[in-house]
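> The file below is run-v5.txt, compact mmCIF, C-alpha atoms and all ligand atoms:
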# COMPACT_ATOMS: atom_id res chain seq x y z
CA MET A 1 -31.56 -11.43 -5.82
CA SER A 2 -30.91 -14.73 -7.53
CA GLN A 3 -30.41 -17.84 -5.43
CA THR A 4 -27.26 -18.92 -7.28
CA SER A 5 -24.25 -18.38 -5.04
CA ILE A 6 -21.19 -16.47 -6.17
CA THR A 7 -19.15 -19.64 -5.63
CA ASP A 8 -21.48 -21.53 -8.02
CA ILE A 9 -21.05 -18.80 -10.61
CA LEU A 10 -17.26 -18.89 -10.37
CA ASN A 11 -17.21 -22.70 -10.41
CA SER A 12 -19.41 -22.76 -13.52
CA SER A 13 -16.67 -21.11 -15.57
CA PRO A 14 -13.23 -21.80 -14.10
CA LEU A 15 -10.25 -19.86 -15.45
CA ASP A 16 -7.00 -21.68 -16.25
CA LEU A 17 -4.43 -19.77 -14.18
CA THR A 18 -1.37 -21.38 -15.83
CA PRO A 19 -0.72 -18.41 -18.15
CA TYR A 20 -1.10 -16.10 -15.15
CA GLU A 21 1.53 -18.04 -13.21
CA SER A 22 3.93 -17.30 -16.07
CA LEU A 23 2.80 -13.70 -16.11
CA TYR A 24 3.49 -13.46 -12.35
CA LYS A 25 7.02 -14.76 -12.91
CA HIS A 26 7.48 -12.17 -15.65
CA PHE A 27 6.41 -9.30 -13.39
CA HIS A 28 8.50 -10.69 -10.52
CA ALA A 29 11.65 -10.88 -12.66
CA ASN A 30 11.07 -7.39 -14.14
CA PRO A 31 10.30 -5.05 -11.22
CA GLU A 32 10.34 -1.25 -11.57
CA LEU A 33 10.79 1.42 -8.90
CA SER A 34 8.05 3.86 -7.87
CA CYS A 35 7.19 6.41 -10.58
CA GLN A 36 9.12 4.36 -13.16
CA GLU A 37 6.58 1.57 -13.78
CA LYS A 38 6.66 2.15 -17.56
CA ASN A 39 7.18 -1.41 -18.84
CA THR A 40 4.90 -2.89 -16.17
CA SER A 41 2.14 -0.49 -17.15
CA GLU A 42 2.58 -1.22 -20.88
CA LYS A 43 2.50 -4.98 -20.27
CA ILE A 44 -0.70 -4.61 -18.23
CA ALA A 45 -2.33 -2.41 -20.89
CA SER A 46 -1.52 -4.85 -23.69
CA HIS A 47 -2.86 -7.79 -21.67
CA LEU A 48 -6.08 -5.91 -20.91
CA ALA A 49 -6.41 -4.97 -24.59
CA SER A 50 -6.15 -8.65 -25.53
CA LEU A 51 -9.28 -9.36 -23.45
CA ASN A 52 -11.31 -7.27 -25.93
CA ALA A 53 -13.77 -6.10 -23.30
CA PHE A 54 -12.40 -2.99 -21.60
CA GLU A 55 -12.09 0.69 -22.33
CA ILE A 56 -8.48 1.40 -21.32
CA THR A 57 -7.00 4.73 -20.22
CA THR A 58 -3.22 4.91 -19.68
CA ASN A 59 -0.76 7.38 -18.14
CA ILE A 60 -3.00 8.70 -15.37
CA GLY A 61 -0.94 10.41 -12.67
CA GLY A 62 2.27 8.87 -14.02
CA TYR A 63 2.02 5.28 -15.26
CA GLY A 64 -1.39 4.63 -13.68
CA LEU A 65 -4.04 3.00 -15.84
CA THR A 66 -7.65 1.93 -15.73
CA ALA A 67 -9.82 -0.56 -17.58
CA VAL A 68 -13.57 0.02 -17.55
CA LEU A 69 -16.29 -2.45 -18.49
CA LYS A 70 -19.83 -1.03 -18.64
CA ASN A 71 -22.24 -3.92 -18.39
CA GLY A 72 -25.69 -2.48 -17.82
CA PRO A 73 -27.29 -0.65 -14.91
CA GLY A 74 -26.10 -1.18 -11.36
CA LYS A 75 -23.22 -0.40 -9.04
CA THR A 76 -19.81 0.82 -10.17
CA VAL A 77 -17.11 -1.23 -8.45
CA LEU A 78 -13.41 -0.31 -8.54
CA LEU A 79 -10.76 -3.00 -7.95
CA ARG A 80 -7.28 -1.65 -7.31
CA ALA A 81 -3.78 -3.14 -7.63
CA ASP A 82 -0.50 -1.30 -7.07
CA MET A 83 2.45 -1.83 -9.44
CA ASP A 84 5.72 -0.53 -7.97
CA ALA A 85 8.70 -2.42 -6.53
CA LEU A 86 11.38 -1.54 -3.96
CA PRO A 87 15.12 -0.73 -3.97
CA VAL A 88 15.98 -4.10 -2.43
CA LYS A 89 18.48 -6.72 -3.64
CA GLU A 90 16.53 -9.95 -3.99
CA GLU A 91 17.87 -12.89 -1.95
CA THR A 92 15.06 -15.42 -2.38
CA GLY A 93 17.06 -17.74 -4.63
CA LEU A 94 13.91 -18.30 -6.71
CA PRO A 95 14.48 -19.34 -10.35
CA TYR A 96 12.55 -16.21 -11.41
CA ALA A 97 14.31 -13.88 -8.93
CA SER A 98 15.00 -10.32 -10.04
CA THR A 99 18.51 -9.24 -11.02
CA VAL A 100 17.28 -5.84 -12.19
CA THR A 101 19.01 -2.58 -11.28
CA MET A 102 17.78 0.90 -12.09
CA ALA A 103 18.49 4.53 -11.24
CA ASP A 104 16.35 5.90 -8.41
CA ALA A 105 14.94 9.45 -8.25
CA ASP A 106 18.35 10.79 -7.15
CA GLY A 107 20.19 8.99 -9.97
CA ALA A 108 21.75 6.34 -7.72
CA ILE A 109 21.78 2.83 -9.23
CA LYS A 110 19.75 0.47 -7.04
CA PRO A 111 18.88 -3.21 -7.15
CA VAL A 112 15.12 -3.64 -7.57
CA MET A 113 12.78 -6.32 -6.23
CA HIS A 114 9.05 -6.90 -5.88
CA ALA A 115 9.63 -7.25 -2.14
CA CYS A 116 6.11 -6.09 -1.24
CA GLY A 117 4.26 -8.51 -3.53
CA HIS A 118 2.69 -5.93 -5.83
CA ASP A 119 3.44 -8.34 -8.69
CA MET A 120 0.88 -10.68 -7.10
CA HIS A 121 -1.68 -7.85 -6.92
CA ILE A 122 -1.19 -7.03 -10.62
CA THR A 123 -1.46 -10.65 -11.76
CA ALA A 124 -4.52 -11.40 -9.61
CA LEU A 125 -6.33 -8.31 -10.91
CA LEU A 126 -5.53 -9.19 -14.55
CA ALA A 127 -6.89 -12.71 -14.07
CA ALA A 128 -9.98 -11.36 -12.25
CA SER A 129 -10.49 -8.93 -15.15
CA GLU A 130 -10.45 -11.82 -17.63
CA LEU A 131 -12.82 -13.89 -15.51
CA LEU A 132 -15.34 -11.13 -14.81
CA SER A 133 -15.36 -10.00 -18.45
CA SER A 134 -15.74 -13.50 -19.90
CA PRO A 135 -19.06 -13.93 -21.79
CA GLU A 136 -20.31 -16.62 -19.35
CA ILE A 137 -19.65 -14.62 -16.18
CA ARG A 138 -20.65 -11.26 -17.66
CA LYS A 139 -24.19 -12.57 -18.14
CA ARG A 140 -24.43 -13.06 -14.38
CA TRP A 141 -23.83 -9.48 -13.25
CA SER A 142 -24.89 -5.94 -14.08
CA GLY A 143 -23.13 -2.65 -13.44
CA THR A 144 -19.71 -1.18 -14.20
CA LEU A 145 -16.38 -2.80 -13.37
CA ILE A 146 -13.20 -0.75 -13.07
CA ALA A 147 -9.76 -2.36 -12.78
CA LEU A 148 -7.29 0.27 -11.59
CA PHE A 149 -3.51 -0.20 -11.62
CA GLN A 150 -1.82 2.35 -9.40
CA PRO A 151 1.79 3.55 -9.58
CA ASN A 152 3.96 4.71 -6.68
CA GLU A 153 2.35 3.14 -3.63
CA GLU A 154 5.64 2.76 -1.77
CA ARG A 155 6.36 6.51 -1.72
CA GLY A 156 2.72 7.19 -0.88
CA HIS A 157 1.76 9.52 -3.72
CA GLY A 158 0.38 7.24 -6.46
CA ALA A 159 -3.31 7.35 -5.58
CA ALA A 160 -3.17 11.10 -4.95
CA SER A 161 -1.40 11.74 -8.25
CA MET A 162 -4.03 9.75 -10.16
CA LEU A 163 -6.75 11.86 -8.51
CA ALA A 164 -4.83 15.07 -9.21
CA ASP A 165 -4.64 14.03 -12.87
CA GLY A 166 -8.45 13.94 -13.07
CA LEU A 167 -8.99 10.21 -12.56
CA TYR A 168 -12.71 10.57 -11.91
CA ASN A 169 -13.21 12.76 -14.96
CA LYS A 170 -11.69 10.01 -17.10
CA ILE A 171 -13.65 7.09 -15.62
CA PRO A 172 -17.05 6.74 -13.89
CA LEU A 173 -17.10 7.63 -10.19
CA PRO A 174 -17.14 4.32 -8.29
CA ASP A 175 -19.75 3.42 -5.67
CA ILE A 176 -17.26 1.15 -3.89
CA CYS A 177 -13.45 0.84 -3.94
CA LEU A 178 -11.85 -2.52 -3.11
CA GLY A 179 -8.24 -3.68 -2.80
CA GLN A 180 -5.98 -6.35 -1.36
CA HIS A 181 -2.40 -6.88 -0.16
CA VAL A 182 -0.39 -10.08 0.01
CA MET A 183 1.02 -10.56 3.51
CA ARG A 184 3.01 -12.91 5.72
CA LEU A 185 -0.05 -15.06 6.47
CA ARG A 186 -1.09 -18.64 5.62
CA GLY A 187 -1.17 -19.13 1.84
CA GLY A 188 -4.64 -18.84 0.35
CA SER A 189 -6.24 -17.28 3.43
CA ILE A 190 -8.14 -13.98 3.39
CA HIS A 191 -8.20 -11.56 6.34
CA SER A 192 -10.22 -8.41 6.82
CA LYS A 193 -12.05 -6.40 9.46
CA ARG A 194 -14.45 -3.49 9.88
CA GLY A 195 -12.95 -0.11 10.72
CA THR A 196 -9.24 0.67 10.68
CA ILE A 197 -7.24 -2.22 9.23
CA MET A 198 -3.99 -0.28 8.57
CA ALA A 199 -2.44 2.66 10.37
CA ALA A 200 -1.73 6.12 9.06
CA ALA A 201 1.95 6.73 8.31
CA ASP A 202 3.72 10.04 7.88
CA SER A 203 7.33 10.95 7.24
CA MET A 204 8.79 14.42 7.60
CA ARG A 205 12.16 16.09 7.14
CA ILE A 206 12.89 18.91 9.59
CA THR A 207 15.68 21.42 8.92
CA VAL A 208 16.88 23.51 11.85
CA PHE A 209 19.39 26.33 11.50
CA GLY A 210 22.37 27.43 13.56
CA ARG A 211 25.23 29.77 12.82
CA GLY A 212 28.36 27.91 11.84
CA GLY A 213 31.90 28.73 12.90
CA HIS A 214 35.19 27.48 14.34
CA GLY A 215 34.96 24.55 16.74
CA SER A 216 37.13 26.45 19.24
CA LEU A 217 34.84 29.51 19.32
CA PRO A 218 31.40 28.14 20.21
CA HIS A 219 30.36 31.41 21.85
CA THR A 220 30.37 33.05 18.40
CA THR A 221 28.06 30.39 16.92
CA VAL A 222 24.68 28.75 17.34
CA ASP A 223 25.42 25.02 17.36
CA PRO A 224 22.75 23.11 15.37
CA VAL A 225 24.10 19.75 16.62
CA LEU A 226 23.23 20.58 20.23
CA LEU A 227 19.91 22.03 19.07
CA ALA A 228 19.05 18.88 17.07
CA ALA A 229 20.15 16.64 19.94
CA HIS A 230 17.69 18.38 22.30
CA ILE A 231 14.92 17.96 19.72
CA VAL A 232 15.64 14.24 19.30
CA VAL A 233 15.43 13.69 23.06
CA ARG A 234 12.28 15.79 23.51
CA LEU A 235 10.50 14.02 20.63
CA GLN A 236 10.72 10.78 22.62
CA GLY A 237 8.18 12.30 25.00
CA VAL A 238 5.49 12.91 22.39
CA VAL A 239 3.97 9.42 22.32
CA SER A 240 4.90 8.48 25.89
CA ARG A 241 3.64 11.73 27.52
CA GLU A 242 1.05 13.24 25.20
CA ILE A 243 -0.87 10.34 23.62
CA ASN A 244 -3.52 8.49 25.60
CA PRO A 245 -2.03 5.10 26.62
CA ASP A 246 -5.23 3.47 25.30
CA ASP A 247 -4.51 4.93 21.88
CA VAL A 248 -1.83 3.86 19.38
CA GLY A 249 1.11 5.92 18.15
CA VAL A 250 4.72 5.51 17.06
CA LEU A 251 7.30 8.24 16.51
CA THR A 252 10.77 7.31 15.25
CA VAL A 253 13.67 9.63 14.52
CA GLY A 254 15.09 7.70 11.58
CA SER A 255 17.86 10.05 10.51
CA LEU A 256 19.93 12.89 11.93
CA VAL A 257 22.46 14.63 9.70
CA ALA A 258 24.68 17.58 10.64
CA GLY A 259 28.25 18.73 10.11
CA GLN A 260 31.13 17.58 7.92
CA THR A 261 34.11 17.32 10.22
CA GLU A 262 35.32 17.45 13.83
CA ASN A 263 36.45 21.04 14.28
CA VAL A 264 33.74 22.97 12.44
CA ILE A 265 30.40 23.95 13.90
CA ALA A 266 27.79 23.39 11.17
CA ASP A 267 25.12 25.86 10.20
CA LYS A 268 22.19 23.47 9.97
CA ALA A 269 20.95 20.02 10.93
CA GLU A 270 18.39 17.75 9.28
CA ILE A 271 16.17 15.43 11.26
CA GLY A 272 14.07 12.75 9.53
CA ILE A 273 11.06 11.41 11.45
CA ASP A 274 8.44 8.77 10.75
CA PHE A 275 5.22 8.51 12.74
CA ARG A 276 2.23 6.17 12.78
CA SER A 277 -1.24 6.57 14.18
CA VAL A 278 -4.65 4.98 13.90
CA ARG A 279 -6.92 7.95 14.61
CA VAL A 280 -6.81 11.17 12.59
CA GLU A 281 -6.98 13.16 15.86
CA THR A 282 -3.87 11.35 17.12
CA ARG A 283 -2.01 12.12 13.92
CA ASP A 284 -2.90 15.80 14.23
CA ALA A 285 -1.80 15.80 17.88
CA ILE A 286 1.59 14.30 16.92
CA VAL A 287 2.13 16.84 14.14
CA ALA A 288 1.23 19.71 16.49
CA ALA A 289 3.55 18.39 19.22
CA VAL A 290 6.46 17.95 16.80
CA GLU A 291 6.09 21.50 15.49
CA ARG A 292 5.74 22.95 19.00
CA ILE A 293 8.86 21.16 20.28
CA VAL A 294 11.01 22.01 17.27
CA ARG A 295 10.03 25.70 17.31
CA ALA A 296 10.55 25.94 21.08
CA GLU A 297 13.99 24.32 20.93
CA CYS A 298 14.99 26.64 18.08
CA LEU A 299 13.95 29.57 20.25
CA ALA A 300 15.80 28.13 23.26
CA SER A 301 19.00 27.81 21.17
CA GLY A 302 18.73 31.27 19.63
CA SER A 303 18.41 29.81 16.13
CA PRO A 304 18.69 32.59 13.54
CA ARG A 305 16.04 31.19 11.16
CA GLU A 306 12.64 29.52 11.38
CA PRO A 307 12.82 25.74 11.05
CA ILE A 308 11.51 24.15 7.83
CA PHE A 309 9.08 21.21 7.98
CA THR A 310 8.94 19.15 4.77
CA PRO A 311 6.39 16.29 4.74
CA THR A 312 7.90 13.52 2.59
CA ARG A 313 5.23 10.81 2.77
CA ARG A 314 1.65 10.73 3.93
CA PHE A 315 -0.54 7.65 4.13
CA PRO A 316 -3.99 8.03 5.69
CA PRO A 317 -5.35 5.26 7.91
CA THR A 318 -7.10 2.55 5.87
CA PHE A 319 -10.62 2.50 7.24
CA ASN A 320 -12.96 -0.26 6.06
CA THR A 321 -16.50 1.09 5.76
CA HIS A 322 -18.60 -1.03 8.15
CA ASP A 323 -21.41 -1.70 5.73
CA VAL A 324 -19.06 -2.82 2.92
CA ALA A 325 -16.88 -4.89 5.27
CA ASP A 326 -20.01 -6.60 6.67
CA LYS A 327 -21.28 -7.57 3.20
CA LEU A 328 -17.86 -8.87 2.21
CA ALA A 329 -17.58 -10.82 5.45
CA VAL A 330 -20.71 -12.75 4.43
CA SER A 331 -19.47 -13.40 0.86
CA PHE A 332 -15.92 -14.26 1.90
CA GLY A 333 -17.23 -16.50 4.69
CA ASP A 334 -19.47 -18.35 2.21
CA HIS A 335 -16.71 -18.75 -0.35
CA PHE A 336 -13.56 -19.27 1.71
CA GLY A 337 -15.05 -20.90 4.82
CA PRO A 338 -12.41 -21.32 7.54
CA ASP A 339 -9.79 -19.70 5.29
CA PHE A 340 -11.48 -16.35 5.90
CA GLU A 341 -10.71 -14.36 9.06
CA PRO A 342 -13.29 -11.57 9.53
CA ASP A 343 -11.60 -9.79 12.43
CA THR A 344 -7.91 -9.70 11.64
CA GLU A 345 -5.37 -7.77 13.68
CA ARG A 346 -4.83 -4.16 12.65
CA THR A 347 -1.32 -3.50 11.32
CA MET A 348 0.94 -0.44 11.71
CA VAL A 349 1.95 -0.93 8.07
CA ALA A 350 0.29 1.71 5.87
CA GLU A 351 -1.20 2.01 2.37
CA ASP A 352 -2.48 4.83 0.18
CA PHE A 353 -5.33 2.73 -1.29
CA SER A 354 -8.02 4.56 0.67
CA VAL A 355 -7.04 7.92 -0.90
CA LEU A 356 -8.94 6.71 -4.00
CA ALA A 357 -12.08 6.54 -1.87
CA THR A 358 -12.07 8.79 1.18
CA GLY A 359 -11.39 12.06 -0.65
CA ARG A 360 -14.65 11.54 -2.57
CA GLY A 361 -16.62 10.00 0.30
CA ILE A 362 -16.67 6.61 -1.45
CA PRO A 363 -17.10 3.51 0.77
CA CYS A 364 -14.15 1.13 0.62
CA CYS A 365 -12.75 -2.12 1.94
CA PHE A 366 -9.28 -3.63 1.96
CA TRP A 367 -8.19 -7.14 2.88
CA PHE A 368 -5.01 -9.19 3.32
CA LEU A 369 -4.13 -12.20 1.19
CA GLY A 370 -1.96 -14.89 2.80
CA GLY A 371 1.11 -15.69 0.71
CA ILE A 372 3.18 -18.13 2.79
CA ASP A 373 3.45 -21.81 1.85
CA GLN A 374 0.86 -23.62 3.98
CA GLU A 375 3.23 -26.31 5.27
CA THR A 376 5.87 -23.72 6.18
CA TRP A 377 3.24 -21.59 7.90
CA ASP A 378 1.67 -24.46 9.87
CA GLY A 379 5.13 -25.65 10.97
CA ALA A 380 6.02 -22.13 12.14
CA VAL A 381 2.72 -21.77 13.99
CA SER A 382 3.35 -25.02 15.87
CA ASN A 383 6.75 -23.85 17.11
CA GLY A 384 5.85 -20.17 17.52
CA SER A 385 8.22 -18.88 14.85
CA THR A 386 5.93 -17.23 12.25
CA GLY A 387 7.78 -13.95 12.95
CA GLU A 388 10.94 -15.49 11.49
CA ILE A 389 9.35 -16.10 8.06
CA PRO A 390 10.53 -13.29 5.76
CA GLY A 391 7.69 -10.79 5.30
CA ASN A 392 6.95 -7.73 3.17
CA HIS A 393 9.98 -5.57 2.29
CA SER A 394 12.41 -8.37 3.18
CA ALA A 395 14.95 -9.38 0.50
CA ARG A 396 13.77 -12.95 1.12
CA PHE A 397 9.98 -12.33 0.91
CA ALA A 398 8.82 -15.08 -1.43
CA PRO A 399 5.06 -15.61 -1.65
CA VAL A 400 4.18 -19.04 -3.06
CA ILE A 401 2.43 -18.64 -6.39
CA GLN A 402 -0.28 -21.12 -5.47
CA PRO A 403 -2.64 -21.11 -3.66
CA THR A 404 -1.93 -17.37 -3.26
CA LEU A 405 -2.81 -16.37 -6.83
CA LYS A 406 -5.97 -18.48 -6.93
CA ALA A 407 -7.21 -17.02 -3.64
CA GLY A 408 -6.29 -13.48 -4.76
CA VAL A 409 -8.26 -13.84 -8.01
CA GLU A 410 -11.24 -15.39 -6.23
CA ALA A 411 -11.26 -12.72 -3.51
CA LEU A 412 -11.40 -9.95 -6.13
CA CYS A 413 -14.17 -11.72 -8.08
CA VAL A 414 -16.22 -12.60 -4.98
CA ALA A 415 -15.89 -9.03 -3.68
CA ALA A 416 -16.83 -7.42 -7.00
CA LEU A 417 -19.75 -9.79 -7.58
CA THR A 418 -21.07 -9.11 -4.07
CA PHE A 419 -22.02 -5.65 -5.34
CA LEU A 420 -22.39 -6.29 -9.08
CA ARG A 421 -24.97 -9.05 -8.42
CA GLU A 422 -27.18 -6.77 -6.31
CA GLY A 423 -29.30 -5.57 -9.21
CA VAL A 424 -29.50 -8.95 -10.96
ZN ZN B 1 5.40 -2.03 0.66
ZN ZN B 2 2.79 -2.97 -0.64
Would you write out, as structure tokens, the structure that this file holds?


Amino acid sequence: MSQTSITDILNSSPLDLTPYESLYKHFHANPELSCQEKNTSEKIASHLASLNAFEITTNIGGYGLTAVLKNGPGKTVLLRADMDALPVKEETGLPYASTVTMADADGAIKPVMHACGHDMHITALLAASELLSSPEIRKRWSGTLIALFQPNEERGHGAASMLADGLYNKIPLPDICLGQHVMRLRGGSIHSKRGTIMAAADSMRITVFGRGGHGSLPHTTVDPVLLAAHIVVRLQGVVSREINPDDVGVLTVGSLVAGQTENVIADKAEIGIDFRSVRVETRDAIVAAVERIVRAECLASGSPREPIFTPTRRFPPTFNTHDVADKLAVSFGDHFGPDFEPDTERTMVAEDFSVLATGRGIPCCFWFLGGIDQETWDGAVSNGSTGEIPGNHSARFAPVIQPTLKAGVEALCVAALTFLREGV
């Protein structure tokens, strides 16, 4: 391996990020909901085409797209950014705040905002693509670079739908998948860890059936409200009574819908649950317990029909392959110094990034990018109020463009070059 450090390579050919700051504002002001990222995807494709270096494939699993640069023998490294926004009414007051509304999947008109910072992920990956494909930098690495822009992260199906659409028949199979997420952390800082960095998250809709009738004649009915109420109470015991206290789990009943009016006994109830876990075994134990309790309560109530379980979202845990995380810890430590945290706290927030890797046994690593103004962050740390700074999914989540963008671009380049320099 050459003695030149990755930092020296990046410093030898700095990229002017001014156009990318404008591009970030454009994406921020023009967010699109999950599965509707049409204009975002077209803008990304045309920007990538203007770099004159990549083979571009569009419309993979919806509006997903990839850009591939084959640059000699070596590793194939995939860098991933997600593209979708949320049905949130922006309240940041920023000059480039979104005023966009669009129809969601059910046809309801919703305000739309990049409240999870995916606009930062897109912009950083576009800038990293320009930098890594520039003639000066390209001479310094060998292998294949893939920039992947994923739709529909927020509903949890984007990575899976790209795979289902034959992603790895359209592009080379990567040796390593890498990705990042802007978070409520000090601007410009990078945080990662070996092992599980983000929890698994599942959502499920459960329909239980009764036999409706007149409110005055309960003995002629099976009341689904009473049935659902028993289920809601019993579900509270799953994590507290069945999961090892040393382990981590969350189960929330987020919705309960039954009946139309006071004097009619309904004929069904719908229960919406969300659960989080860190270990696959724990997830399976929660699913099994939920099914057991629901079926048993249906039996206890004399329900006339089997309950229906409809999974609505599924995010696996994001597990950073030890070997990849260890190599990145060295590169990030060298490049970012004290702004890199190698053993960050695991979060119960979830991501579908790892679906791109784990299904094919590909090693992967994910890291967090701090997006909060440094002065604001340091002030909040000194008075213990960092929790009050608006974070991801808040209508007031407002990452500062710099140094967030610069650090996001550098993190992608440092991470990719860690593996693309191995054969040089
Ligand atoms: Zn999100
Ligand atoms: Zn996100």

> Identify, on the basis of only C-alpha atoms, every residue whose closest approach to stretch 179-190 of chain A does not exceed 6 Å; exclude the query and any residue fewer than 5 positions from it along the same chain; express the result as a PyMOL selection string.

chain A and resi 79-80+339-340+366-374+377+391+403-404+407

> Could you check which of A:Ser12, A:Thr312, A:Ser394, A:Ser50 is closest to ligand ZN 1 (chain B), using all atoms listed in the file?

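Closest to ligand ZN 1 (chain B) of all the choices is A:Ser394.
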
> Show me which residues are within 7 Å of ligand ZN 1 (chain B) counting only C-alpha atoms and all ligand atoms, and format the list as a PyMOL selection string.

chain A and resi 116+154+392-393

> For ligand ZN 2 (chain B), which residue among A:Pro316, A:Val233, A:His114, A:Val280 is the nearest when counting only C-alpha atoms and all ligand atoms?

A:His114

> I'd like the contact shell of A:Glu306 - 8 Å cut-off, all atoms listed in the file, skipping same-chain residues fewer than 4 positions apart - returned as number ranges by chain.

A: 208-209, 295, 298

> Rounded to one decimal place, report the atom CA of A:Cys364-atom CA of A:Ala325 distance in Å.

8.1 Å

> For stretch 124-129 of chain A, I'd like the enclosing box, axis-aligned and padded by 3 Å on every side, reported as JSON with centre and edge lengths in Å to one decimal.


{"center_x": -7.5, "center_y": -10.5, "center_z": -12.4, "size_x": 12.0, "size_y": 10.4, "size_z": 11.5}
